[in-house]
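Below is one structure, written out as structure tokens; comments come after it.
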There are 2 protein chains.
Amino acid sequence: MLDQVIDLDRTFHALADRSRRSMLERLTLGPASVSELARPLAMSLAAVVQHVQVLEACGVVKTAKVGRTRVCRIEPATITAAEQWITDRRQAWESRLDRLGDVLNEEAASQKENP
Amino acid sequence: MLDQVIDLDRTFHALADRSRRSMLERLTLGPASVSELARPLAMSLAAVVQHVQVLEACGVVKTAKVGRTRVCRIEPATITAAEQWITDRRQAWESRLDRLGDVLNEEAASQKENP
């Protein structure tokens, strides 16, 4: 993914589903086959394959054929880019709130000195 | 939002659109009216209102009527929950990779001692 533009629309869309998030939670423990991802989920293998395709299309997950099994693993760069987008926004508004707090404190102090 | 369950499906869905993300970027600078949010975007006011409704439905944005103007502001708790979900996953796989690294280093050291 490093040499591709990370598509945040697709990445956030991939995260907007509880089943896909639970697959990613499983993959944080290590690579897994599609059947292993399907095991705890109450859905058909075909449905799981479709979810894996959504995760793969945005680059959050990579898959590779090992013999007759398709093995899935997390691709950290993509999901880290989504995290970074949110973190940057949060830091921007926190710093705005800090500046606002400073202004209010200065005004309160100035009113105390010159009531 | 603090007394409500934060709906990650809806929150990530709200983030999965470049226009909605650009509205949130604007709102990190401070509250804004719907017209102010619309100004830099090449879309109708009606379309902007629909995007604001998506952002409001998941709790990422709160709106309030001030006179005849609807003012929007970011609701930090919701977007922070989405950030936290990704951060927790990232930390889980980073710690797995660290443990894997430790095991490989120990094996390499042991092979050096007992070649």
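Naming works like this for the structure tokens: A, B, ... for the chains as they're shown, residue 1 at the start of each chain, ligands 1 onward in shown order.
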Might you pull out every residue within 12 Å of A:Leu45, with only C-alpha atoms counted and same-chain residues fewer than 6 positions away left off, and present them as a list of chain:residue names?
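Surrounding residues, per the criterion: A:Ser33, A:Val34, A:Ser35, A:Glu36, A:Leu37, A:Ala38, A:Arg39, A:His51, A:Val52.
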Give me, as a list in words, the residues of chain B touching chain A, with the criterion being at most 8 Å (counting only C-alpha atoms).
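Matching residues, ligands excluded from the count: Leu8, Asp9, Arg10, Thr11, Phe12, His13, Leu15, Ala16, Asp17, Arg18, Leu24, Glu25, Thr28, Leu29, Gly30, Pro76, Ile79, Thr80, Glu83, Ile86, Thr87, Arg89, Arg90, Ala92, Trp93 and Arg96 of chain B.
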Grab the residues selected above and save them as a JSON list (two decimals), in the first residue's frame with C-alpha atoms.
[["chain", "number", "residue", "atom", "x", "y", "z"],
["B", 8, "LEU", "CA", -19.27, 2.82, 15.38],
["B", 9, "ASP", "CA", -21.00, 1.55, 12.20],
["B", 10, "ARG", "CA", -22.65, 4.94, 11.70],
["B", 11, "THR", "CA", -19.58, 6.91, 12.81],
["B", 12, "PHE", "CA", -17.21, 5.19, 10.37],
["B", 13, "HIS", "CA", -19.89, 5.46, 7.64],
["B", 15, "LEU", "CA", -16.29, 9.48, 7.91],
["B", 16, "ALA", "CA", -16.35, 7.48, 4.64],
["B", 17, "ASP", "CA", -17.07, 10.55, 2.51],
["B", 18, "ARG", "CA", -14.57, 13.20, 1.45],
["B", 24, "LEU", "CA", -15.33, 18.10, 9.98],
["B", 25, "GLU", "CA", -11.97, 19.66, 9.10],
["B", 28, "THR", "CA", -12.15, 21.69, 14.04],
["B", 29, "LEU", "CA", -11.53, 25.45, 13.59],
["B", 30, "GLY", "CA", -14.75, 26.25, 15.50],
["B", 76, "PRO", "CA", -15.54, 15.08, 20.47],
["B", 79, "ILE", "CA", -15.08, 10.73, 16.96],
["B", 80, "THR", "CA", -12.68, 9.90, 19.82],
["B", 83, "GLU", "CA", -10.13, 6.80, 16.94],
["B", 86, "ILE", "CA", -8.43, 1.83, 15.61],
["B", 87, "THR", "CA", -5.74, 2.67, 18.20],
["B", 89, "ARG", "CA", -6.35, -2.67, 17.19],
["B", 90, "ARG", "CA", -3.05, -1.08, 16.15],
["B", 92, "ALA", "CA", -2.73, -5.16, 19.71],
["B", 93, "TRP", "CA", -0.94, -6.07, 16.48],
["B", 96, "ARG", "CA", 2.04, -9.16, 18.71]]
Every residue of stretch 47-97 of chain B that DSSP places in strand (DSSP E), as number ranges by chain
B: 61-66, 69-74
Take the residues from that selection and write them out as a CSV table (one decimal), in the first residue's frame, keeping N, CA and C atoms.
chain,number,residue,atom,x,y,z
B,61,VAL,N,-21.4,15.3,15.1
B,61,VAL,CA,-21.7,16.7,15.0
B,61,VAL,C,-23.0,17.0,15.8
B,62,LYS,N,-23.0,18.1,16.5
B,62,LYS,CA,-24.3,18.6,17.1
B,62,LYS,C,-24.7,19.9,16.4
B,63,THR,N,-26.0,20.1,16.2
B,63,THR,CA,-26.4,21.3,15.6
B,63,THR,C,-27.4,22.0,16.5
B,64,ALA,N,-27.5,23.3,16.5
B,64,ALA,CA,-28.5,24.1,17.3
B,64,ALA,C,-28.9,25.3,16.5
B,65,LYS,N,-30.2,25.6,16.6
B,65,LYS,CA,-30.7,26.8,15.9
B,65,LYS,C,-30.4,28.0,16.7
B,66,VAL,N,-29.7,29.0,16.1
B,66,VAL,CA,-29.4,30.3,16.7
B,66,VAL,C,-30.1,31.3,15.8
B,69,THR,N,-30.4,30.7,11.9
B,69,THR,CA,-29.2,30.0,11.4
B,69,THR,C,-29.0,28.7,12.2
B,70,ARG,N,-28.7,27.6,11.5
B,70,ARG,CA,-28.3,26.4,12.2
B,70,ARG,C,-26.8,26.3,12.3
B,71,VAL,N,-26.4,26.2,13.6
B,71,VAL,CA,-24.9,26.2,13.8
B,71,VAL,C,-24.5,24.8,14.2
B,72,CYS,N,-23.4,24.4,13.6
B,72,CYS,CA,-22.9,23.0,13.8
B,72,CYS,C,-21.6,23.1,14.6
B,73,ARG,N,-21.4,22.1,15.4
B,73,ARG,CA,-20.1,22.0,16.1
B,73,ARG,C,-19.8,20.5,16.3
B,74,ILE,N,-18.5,20.2,16.4
B,74,ILE,CA,-18.0,18.8,16.6
B,74,ILE,C,-18.4,18.3,18.0
